[in-house]
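For reference, query22.pdb (PDB, C-alpha atoms):
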ATOM      1  CA  MET A   6      -0.518   6.168 -15.107  1.00  0.00           C
ATOM      2  CA  ALA A   7       0.539   5.742 -11.493  1.00  0.00           C
ATOM      3  CA  THR A   8      -2.626   3.833 -10.625  1.00  0.00           C
ATOM      4  CA  GLY A   9      -2.193   1.558 -13.646  1.00  0.00           C
ATOM      5  CA  VAL A  10       1.431   0.751 -12.828  1.00  0.00           C
ATOM      6  CA  ILE A  11       0.637   0.071  -9.156  1.00  0.00           C
ATOM      7  CA  THR A  12      -2.264  -2.158 -10.188  1.00  0.00           C
ATOM      8  CA  LEU A  13       0.043  -4.035 -12.548  1.00  0.00           C
ATOM      9  CA  ALA A  14       2.487  -4.544  -9.673  1.00  0.00           C
ATOM     10  CA  GLY A  15      -0.349  -5.945  -7.555  1.00  0.00           C
ATOM     11  CA  VAL A  16      -1.392  -8.342 -10.315  1.00  0.00           C
ATOM     12  CA  PHE A  17       2.152  -9.638 -10.731  1.00  0.00           C
ATOM     13  CA  MET A  18       2.553  -9.942  -6.953  1.00  0.00           C
ATOM     14  CA  ALA A  19      -0.611 -12.046  -6.806  1.00  0.00           C
ATOM     15  CA  SER A  20       0.448 -14.184  -9.742  1.00  0.00           C
ATOM     16  CA  SER A  21       3.769 -14.968  -8.071  1.00  0.00           C
ATOM     17  CA  TYR A  22       2.045 -16.700  -5.115  1.00  0.00           C
ATOM     18  CA  VAL A  23       0.172 -19.356  -7.065  1.00  0.00           C
ATOM     19  CA  PRO A  24       0.899 -18.788 -10.779  1.00  0.00           C
ATOM     20  CA  ASP A  25      -0.920 -21.846 -12.150  1.00  0.00           C
ATOM     21  CA  ILE A  26      -4.135 -21.122 -10.322  1.00  0.00           C
ATOM     22  CA  PHE A  27      -3.964 -17.371 -10.856  1.00  0.00           C
ATOM     23  CA  TRP A  28      -3.508 -17.368 -14.616  1.00  0.00           C
ATOM     24  CA  SER A  29      -5.997 -20.192 -15.148  1.00  0.00           C
ATOM     25  CA  ALA A  30      -8.581 -18.140 -13.257  1.00  0.00           C
ATOM     26  CA  SER A  31      -7.871 -14.703 -14.683  1.00  0.00           C
ATOM     27  CA  TRP A  32     -11.473 -13.713 -13.950  1.00  0.00           C
ATOM     28  CA  LEU A  33     -10.148 -13.048 -10.434  1.00  0.00           C
ATOM     29  CA  LEU A  34      -8.801  -9.799 -11.847  1.00  0.00           C
ATOM     30  CA  LEU A  35     -12.368  -8.492 -11.978  1.00  0.00           C
ATOM     31  CA  PHE A  36     -12.251  -8.409  -8.178  1.00  0.00           C
ATOM     32  CA  MET A  37      -8.583  -7.768  -7.527  1.00  0.00           C
ATOM     33  CA  VAL A  38      -7.995  -4.804  -9.855  1.00  0.00           C
ATOM     34  CA  PRO A  39     -10.657  -2.601  -8.191  1.00  0.00           C
ATOM     35  CA  ALA A  40      -9.276  -3.569  -4.774  1.00  0.00           C
ATOM     36  CA  TYR A  41      -5.758  -2.561  -5.846  1.00  0.00           C
ATOM     37  CA  VAL A  42      -7.052   0.738  -7.230  1.00  0.00           C
ATOM     38  CA  VAL A  43      -8.860   1.484  -3.941  1.00  0.00           C
ATOM     39  CA  SER A  44      -5.707   0.559  -1.997  1.00  0.00           C
ATOM     40  CA  PHE A  45      -3.482   2.968  -3.915  1.00  0.00           C
ATOM     41  CA  VAL A  46      -5.899   5.819  -4.603  1.00  0.00           C
ATOM     42  CA  GLY A  47      -7.265   5.624  -1.059  1.00  0.00           C
ATOM     43  CA  HIS A  48      -3.726   5.859   0.356  1.00  0.00           C
ATOM     44  CA  GLU A  49      -3.020   9.013  -1.644  1.00  0.00           C
ATOM     45  CA  LEU A  50      -6.436  10.594  -1.070  1.00  0.00           C
ATOM     46  CA  ILE A  51      -6.271  10.140   2.702  1.00  0.00           C
ATOM     47  CA  HIS A  52      -2.984  12.095   2.655  1.00  0.00           C
ATOM     48  CA  LYS A  53      -4.774  14.867   0.772  1.00  0.00           C
ATOM     49  CA  PHE A  54      -7.819  14.894   3.073  1.00  0.00           C
ATOM     50  CA  VAL A  55      -5.733  14.992   6.265  1.00  0.00           C
ATOM     51  CA  ALA A  56      -3.484  17.702   4.804  1.00  0.00           C
ATOM     52  CA  HIS A  57      -6.508  19.817   3.798  1.00  0.00           C
ATOM     53  CA  ALA A  58      -8.059  19.325   7.242  1.00  0.00           C
ATOM     54  CA  ASN A  59      -4.882  20.852   8.676  1.00  0.00           C
ATOM     55  CA  GLY A  60      -4.894  23.835   6.308  1.00  0.00           C
ATOM     56  CA  LEU A  61      -2.221  22.475   3.955  1.00  0.00           C
ATOM     57  CA  TRP A  62      -2.235  22.228   0.178  1.00  0.00           C
ATOM     58  CA  ALA A  63      -1.823  18.693  -1.211  1.00  0.00           C
ATOM     59  CA  GLU A  64      -1.589  17.246  -4.707  1.00  0.00           C
ATOM     60  CA  PHE A  65      -0.456  13.927  -6.159  1.00  0.00           C
ATOM     61  CA  ARG A  66       2.568  14.186  -8.437  1.00  0.00           C
ATOM     62  CA  THR A  67       3.914  11.339 -10.514  1.00  0.00           C
ATOM     63  CA  SER A  68       7.622  10.641 -10.662  1.00  0.00           C
ATOM     64  CA  SER A  69       9.050   9.479 -13.992  1.00  0.00           C
ATOM     65  CA  TYR A  70      11.837   7.573 -12.259  1.00  0.00           C
ATOM     66  CA  GLY A  71       9.415   6.111  -9.715  1.00  0.00           C
ATOM     67  CA  LEU A  72       6.989   5.056 -12.440  1.00  0.00           C
ATOM     68  CA  LEU A  73       9.810   3.326 -14.311  1.00  0.00           C
ATOM     69  CA  MET A  74      11.130   1.546 -11.202  1.00  0.00           C
ATOM     70  CA  THR A  75       7.630   0.431 -10.251  1.00  0.00           C
ATOM     71  CA  LEU A  76       6.964  -0.845 -13.777  1.00  0.00           C
ATOM     72  CA  VAL A  77      10.294  -2.685 -14.042  1.00  0.00           C
ATOM     73  CA  THR A  78       9.968  -4.416 -10.665  1.00  0.00           C
ATOM     74  CA  ALA A  79       6.295  -5.138 -11.354  1.00  0.00           C
ATOM     75  CA  VAL A  80       7.022  -7.303 -14.378  1.00  0.00           C
ATOM     76  CA  LEU A  81      10.351  -8.820 -13.328  1.00  0.00           C
ATOM     77  CA  PRO A  82      10.391 -11.905 -11.088  1.00  0.00           C
ATOM     78  CA  VAL A  83      12.089 -10.109  -8.194  1.00  0.00           C
ATOM     79  CA  PRO A  84      11.270 -10.960  -4.565  1.00  0.00           C
ATOM     80  CA  PHE A  85      10.031  -7.438  -3.847  1.00  0.00           C
ATOM     81  CA  LYS A  86       8.249  -4.722  -5.769  1.00  0.00           C
ATOM     82  CA  ILE A  87       9.123  -1.036  -5.631  1.00  0.00           C
ATOM     83  CA  LEU A  88       5.851   0.846  -5.250  1.00  0.00           C
ATOM     84  CA  ALA A  89       6.807   4.487  -5.773  1.00  0.00           C
ATOM     85  CA  PRO A  90       5.151   5.919  -8.904  1.00  0.00           C
ATOM     86  CA  GLY A  91       4.741   9.301  -7.240  1.00  0.00           C
ATOM     87  CA  GLN A  92       3.650  10.977  -4.049  1.00  0.00           C
ATOM     88  CA  THR A  93       1.183  13.388  -2.581  1.00  0.00           C
ATOM     89  CA  SER A  94       3.133  16.622  -2.243  1.00  0.00           C
ATOM     90  CA  ILE A  95       2.271  18.778   0.758  1.00  0.00           C
ATOM     91  CA  ARG A  96       2.786  22.554   0.845  1.00  0.00           C
ATOM     92  CA  GLY A  97       2.347  24.987   3.679  1.00  0.00           C
ATOM     93  CA  GLU A  98       3.737  25.756   7.096  1.00  0.00           C
ATOM     94  CA  ALA A  99       3.114  23.031   9.644  1.00  0.00           C
ATOM     95  CA  ARG A 100       4.610  21.523  12.766  1.00  0.00           C
ATOM     96  CA  SER A 101       6.298  18.140  12.514  1.00  0.00           C
ATOM     97  CA  GLU A 102       3.305  16.638  14.358  1.00  0.00           C
ATOM     98  CA  VAL A 103       0.948  17.697  11.542  1.00  0.00           C
ATOM     99  CA  LEU A 104       3.334  16.540   8.815  1.00  0.00           C
ATOM    100  CA  GLY A 105       3.833  13.245  10.640  1.00  0.00           C
ATOM    101  CA  THR A 106       0.079  12.762  10.970  1.00  0.00           C
ATOM    102  CA  VAL A 107      -0.437  13.454   7.266  1.00  0.00           C
ATOM    103  CA  ALA A 108       2.323  10.982   6.394  1.00  0.00           C
ATOM    104  CA  LEU A 109       1.033   8.347   8.817  1.00  0.00           C
ATOM    105  CA  SER A 110      -2.514   8.498   7.449  1.00  0.00           C
ATOM    106  CA  GLY A 111      -1.658   6.730   4.151  1.00  0.00           C
ATOM    107  CA  PRO A 112      -0.001   3.625   5.636  1.00  0.00           C
ATOM    108  CA  ALA A 113      -2.663   3.541   8.369  1.00  0.00           C
ATOM    109  CA  PHE A 114      -5.347   3.421   5.666  1.00  0.00           C
ATOM    110  CA  ASN A 115      -3.581   0.446   4.061  1.00  0.00           C
ATOM    111  CA  LEU A 116      -3.213  -1.332   7.403  1.00  0.00           C
ATOM    112  CA  VAL A 117      -6.924  -0.971   8.152  1.00  0.00           C
ATOM    113  CA  LEU A 118      -7.846  -2.178   4.670  1.00  0.00           C
ATOM    114  CA  GLY A 119      -5.357  -5.058   4.951  1.00  0.00           C
ATOM    115  CA  PHE A 120      -6.658  -6.041   8.382  1.00  0.00           C
ATOM    116  CA  PHE A 121     -10.271  -6.160   7.208  1.00  0.00           C
ATOM    117  CA  SER A 122      -9.234  -8.106   4.109  1.00  0.00           C
ATOM    118  CA  LEU A 123      -7.489 -10.636   6.353  1.00  0.00           C
ATOM    119  CA  LEU A 124     -10.565 -10.930   8.583  1.00  0.00           C
ATOM    120  CA  SER A 125     -12.707 -11.385   5.473  1.00  0.00           C
ATOM    121  CA  SER A 126     -10.427 -14.122   4.162  1.00  0.00           C
ATOM    122  CA  ARG A 127     -10.857 -16.006   7.443  1.00  0.00           C
ATOM    123  CA  ALA A 128     -14.636 -15.562   7.451  1.00  0.00           C
ATOM    124  CA  ILE A 129     -15.080 -16.762   3.868  1.00  0.00           C
ATOM    125  CA  SER A 130     -14.942 -20.438   3.100  1.00  0.00           C
ATOM    126  CA  ASN A 131     -14.904 -19.940  -0.681  1.00  0.00           C
ATOM    127  CA  THR A 132     -11.387 -20.662  -1.966  1.00  0.00           C
ATOM    128  CA  TRP A 133     -11.449 -17.963  -4.643  1.00  0.00           C
ATOM    129  CA  LEU A 134     -12.732 -15.214  -2.371  1.00  0.00           C
ATOM    130  CA  ASP A 135     -10.230 -16.263   0.275  1.00  0.00           C
ATOM    131  CA  PHE A 136      -7.468 -15.990  -2.346  1.00  0.00           C
ATOM    132  CA  ILE A 137      -8.631 -12.514  -3.372  1.00  0.00           C
ATOM    133  CA  CYS A 138      -8.842 -11.263   0.228  1.00  0.00           C
ATOM    134  CA  PHE A 139      -5.411 -12.722   1.007  1.00  0.00           C
ATOM    135  CA  GLN A 140      -3.900 -10.941  -2.010  1.00  0.00           C
ATOM    136  CA  VAL A 141      -5.527  -7.656  -1.017  1.00  0.00           C
ATOM    137  CA  THR A 142      -4.105  -8.083   2.498  1.00  0.00           C
ATOM    138  CA  MET A 143      -0.610  -8.737   1.172  1.00  0.00           C
ATOM    139  CA  PHE A 144      -0.788  -5.825  -1.277  1.00  0.00           C
ATOM    140  CA  ASN A 145      -1.906  -3.374   1.399  1.00  0.00           C
ATOM    141  CA  CYS A 146       0.733  -4.574   3.845  1.00  0.00           C
ATOM    142  CA  TRP A 147       3.414  -4.151   1.215  1.00  0.00           C
ATOM    143  CA  ILE A 148       2.216  -0.609   0.411  1.00  0.00           C
ATOM    144  CA  ALA A 149       2.323   0.267   4.122  1.00  0.00           C
ATOM    145  CA  ILE A 150       5.750  -1.299   4.720  1.00  0.00           C
ATOM    146  CA  PHE A 151       7.305   0.249   1.627  1.00  0.00           C
ATOM    147  CA  ASN A 152       5.921   3.706   2.402  1.00  0.00           C
ATOM    148  CA  LEU A 153       7.114   3.538   6.002  1.00  0.00           C
ATOM    149  CA  ILE A 154      10.767   3.276   4.994  1.00  0.00           C
ATOM    150  CA  PRO A 155      12.343   6.347   6.649  1.00  0.00           C
ATOM    151  CA  PHE A 156      14.233   7.463   3.554  1.00  0.00           C
ATOM    152  CA  GLY A 157      13.910  10.335   1.101  1.00  0.00           C
ATOM    153  CA  SER A 158      10.362  11.515   0.505  1.00  0.00           C
ATOM    154  CA  PHE A 159       8.650   8.320   1.722  1.00  0.00           C
ATOM    155  CA  ASP A 160       5.986   8.666   4.406  1.00  0.00           C
ATOM    156  CA  GLY A 161       8.266   6.971   6.910  1.00  0.00           C
ATOM    157  CA  THR A 162      10.679   9.912   6.868  1.00  0.00           C
ATOM    158  CA  ALA A 163       8.107  12.395   8.205  1.00  0.00           C
ATOM    159  CA  VAL A 164       6.666   9.894  10.688  1.00  0.00           C
ATOM    160  CA  PHE A 165      10.128   8.901  11.966  1.00  0.00           C
ATOM    161  CA  ALA A 166      11.160  12.573  12.345  1.00  0.00           C
ATOM    162  CA  TRP A 167       7.960  13.334  14.244  1.00  0.00           C
ATOM    163  CA  ASP A 168       7.654  10.315  16.560  1.00  0.00           C
ATOM    164  CA  LYS A 169       9.918   7.275  16.424  1.00  0.00           C
ATOM    165  CA  THR A 170       7.636   5.314  18.748  1.00  0.00           C
ATOM    166  CA  ARG A 171       4.605   5.764  16.501  1.00  0.00           C
ATOM    167  CA  TRP A 172       6.743   4.887  13.489  1.00  0.00           C
ATOM    168  CA  ALA A 173       7.958   1.699  15.226  1.00  0.00           C
ATOM    169  CA  ILE A 174       4.416   0.728  16.231  1.00  0.00           C
ATOM    170  CA  ILE A 175       2.908   1.107  12.762  1.00  0.00           C
ATOM    171  CA  PHE A 176       5.916  -0.441  11.027  1.00  0.00           C
ATOM    172  CA  SER A 177       5.864  -3.423  13.433  1.00  0.00           C
ATOM    173  CA  THR A 178       2.105  -3.750  12.966  1.00  0.00           C
ATOM    174  CA  SER A 179       2.591  -3.823   9.185  1.00  0.00           C
ATOM    175  CA  LEU A 180       5.178  -6.595   9.503  1.00  0.00           C
ATOM    176  CA  ALA A 181       3.045  -8.515  11.999  1.00  0.00           C
ATOM    177  CA  LEU A 182       0.012  -8.342   9.706  1.00  0.00           C
ATOM    178  CA  ILE A 183       1.931  -9.670   6.722  1.00  0.00           C
ATOM    179  CA  VAL A 184       3.373 -12.519   8.832  1.00  0.00           C
ATOM    180  CA  ALA A 185      -0.060 -13.261  10.298  1.00  0.00           C
ATOM    181  CA  ALA A 186      -1.543 -13.380   6.817  1.00  0.00           C
ATOM    182  CA  TYR A 187       0.972 -16.053   5.808  1.00  0.00           C
ATOM    183  CA  TYR A 188       0.511 -18.184   8.905  1.00  0.00           C
ATOM    184  CA  ILE A 189      -3.248 -17.812   9.363  1.00  0.00           C
ATOM    185  CA  ARG A 190      -3.845 -18.767   5.756  1.00  0.00           C
TER     186      ARG A 190
END

Go through the file and emit its structure as structure tokens.
Amino acid sequence: MATGVITLAGVFMASSYVPDIFWSASWLLLFMVPAYVVSFVGHELIHKFVAHANGLWAEFRTSSYGLLMTLVTAVLPVPFKILAPGQTSIRGEARSEVLGTVALSGPAFNLVLGFFSLLSSRAISNTWLDFICFQVTMFNCWIAIFNLIPFGSFDGTAVFAWDKTRWAIIFSTSLALIVAAYYIR
């Protein structure tokens, strides 16, 4: 359910940029939906892999409230989307450095994916593929930015508690990438 709701949010985010073109070319979803799934599932899986590598237990848990908030903001024409259908829960004893690294791995995954999507959009002269890569960049940047908020159980809380400089660097990089995507396009 979480993957479906996040994917829906990505589709509505993409449709808000150029609604006439997007809905008239709905075949674009054949490319965008798998990219959104990889963006979300990859983010959560990298948390799990890094946690397991550090001897911690990790499992994704959906949040009913988060699912509802994600679904509501996905379909409403609001300027931002809440992307919090759940989280990868970590269990075990670990130093703040390990917990911060586990938390940082998800947004870092999205930044790398977003960066390569942006590079791909610049290397491709096809308008449709450029549009798809741009949307994947924006979606990944938004996942990274939203997750880096240092509040509650978001990734940003553990990263900020561990190392404020690293948090500032990755958060600033996320913002810079989203701004670059707008201006390079």

Exercise for the section: Report as a ChimeraX atom specification the residues that result from applying the PyMOL selection byres ((chain A and resi 33-41) around 8) to the structure here. Expected result: /A:11-12,15-16,27,30-32,42-45,133,137,140-141,144

Could those residues be written to a file, using C-alpha atoms, as an mmCIF file, keeping the file's coordinate frame?
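And here is the file that came out, result.cif:
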data_model
loop_
_atom_site.group_PDB
_atom_site.id
_atom_site.type_symbol
_atom_site.label_atom_id
_atom_site.label_comp_id
_atom_site.auth_asym_id
_atom_site.auth_seq_id
_atom_site.Cartn_x
_atom_site.Cartn_y
_atom_site.Cartn_z
ATOM 1 C CA ILE A 11 0.637 0.071 -9.156
ATOM 2 C CA THR A 12 -2.264 -2.158 -10.188
ATOM 3 C CA GLY A 15 -0.349 -5.945 -7.555
ATOM 4 C CA VAL A 16 -1.392 -8.342 -10.315
ATOM 5 C CA PHE A 27 -3.964 -17.371 -10.856
ATOM 6 C CA ALA A 30 -8.581 -18.140 -13.257
ATOM 7 C CA SER A 31 -7.871 -14.703 -14.683
ATOM 8 C CA TRP A 32 -11.473 -13.713 -13.950
ATOM 9 C CA VAL A 42 -7.052 0.738 -7.230
ATOM 10 C CA VAL A 43 -8.860 1.484 -3.941
ATOM 11 C CA SER A 44 -5.707 0.559 -1.997
ATOM 12 C CA PHE A 45 -3.482 2.968 -3.915
ATOM 13 C CA TRP A 133 -11.449 -17.963 -4.643
ATOM 14 C CA ILE A 137 -8.631 -12.514 -3.372
ATOM 15 C CA GLN A 140 -3.900 -10.941 -2.010
ATOM 16 C CA VAL A 141 -5.527 -7.656 -1.017
ATOM 17 C CA PHE A 144 -0.788 -5.825 -1.277
#

Problem - Spatial neighbours of region 120-132 of chain A, max dist 8 Å, only C-alpha atoms, sep filter under 3 positions, as JSON, numbers by chain - result: {"A": [116, 117, 135, 136, 137, 138, 139, 141, 142, 182, 186, 190]}

Practice task
Please evaluate the PyMOL selection byres ((chain A and resi 101) around 12) against the structure above and give the resulting residues as a VMD selection string.
Solution key: chain A and resid 97 to 100 102 to 109 162 to 168

Problem - d(CA of Gln92 (chain A), CA of Ile51 (chain A)) in Å - result: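 Going from CA of Gln92 (chain A) over to CA of Ile51 (chain A), I get 12.0 Å.
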
Exercise for the section: Enter the distance from CA of Gly119 (chain A) to CA of Cys146 (chain A), in Å, rounded to one decimal. Expected result: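 These atoms are spaced 6.2 Å apart.
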
Completion exercise
In terms of only C-alpha atoms, the residue from A:Phe17, A:Phe114, A:Trp62, A:Phe151 at minimal distance from Thr78 (chain A) is A:Phe17

Exercise for the section: Provide the CA of Ala89 (chain A) to CA of Ala58 (chain A) distance in Å, to one decimal place. Expected result: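 So the two atoms, CA of Ala89 (chain A) and CA of Ala58 (chain A), lie 24.7 Å apart.
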
Can you find the residues with an atom no farther than 7 Å from (7.2, -1.4, -9.3), counting all atoms listed in the file, and report them as a PDB file with C-alpha atoms, keeping the file's coordinate frame?
ATOM      1  CA  ILE A  11       0.637   0.071  -9.156  1.00  0.00           C
ATOM      2  CA  ALA A  14       2.487  -4.544  -9.673  1.00  0.00           C
ATOM      3  CA  MET A  74      11.130   1.546 -11.202  1.00  0.00           C
ATOM      4  CA  THR A  75       7.630   0.431 -10.251  1.00  0.00           C
ATOM      5  CA  LEU A  76       6.964  -0.845 -13.777  1.00  0.00           C
ATOM      6  CA  VAL A  77      10.294  -2.685 -14.042  1.00  0.00           C
ATOM      7  CA  THR A  78       9.968  -4.416 -10.665  1.00  0.00           C
ATOM      8  CA  ALA A  79       6.295  -5.138 -11.354  1.00  0.00           C
ATOM      9  CA  LYS A  86       8.249  -4.722  -5.769  1.00  0.00           C
ATOM     10  CA  ILE A  87       9.123  -1.036  -5.631  1.00  0.00           C
ATOM     11  CA  LEU A  88       5.851   0.846  -5.250  1.00  0.00           C
ATOM     12  CA  ALA A  89       6.807   4.487  -5.773  1.00  0.00           C
TER      13      ALA A  89
END

Using 6 Å of padding on each side, determine the axis-aligned box around all atoms of region 166-175 of chain A present in the file and give its centre and edge lengths in Å to one decimal, as JSON.
{"center_x": 7.0, "center_y": 7.0, "center_z": 15.5, "size_x": 20.3, "size_y": 24.6, "size_z": 18.4}

Exercise for the section: May I ask which of the residues A:Gly60, A:Ser94, A:His48, A:Ser68 is the closest one to Asn152 (chain A), counting only C-alpha atoms? Expected result: A:His48

Practice task
Pick out the closest residue to Thr93 (chain A) from this set: A:Leu134, A:Leu153, A:Asp160, A:Asn59. Count only C-alpha atoms.
Solution key: A:Asp160
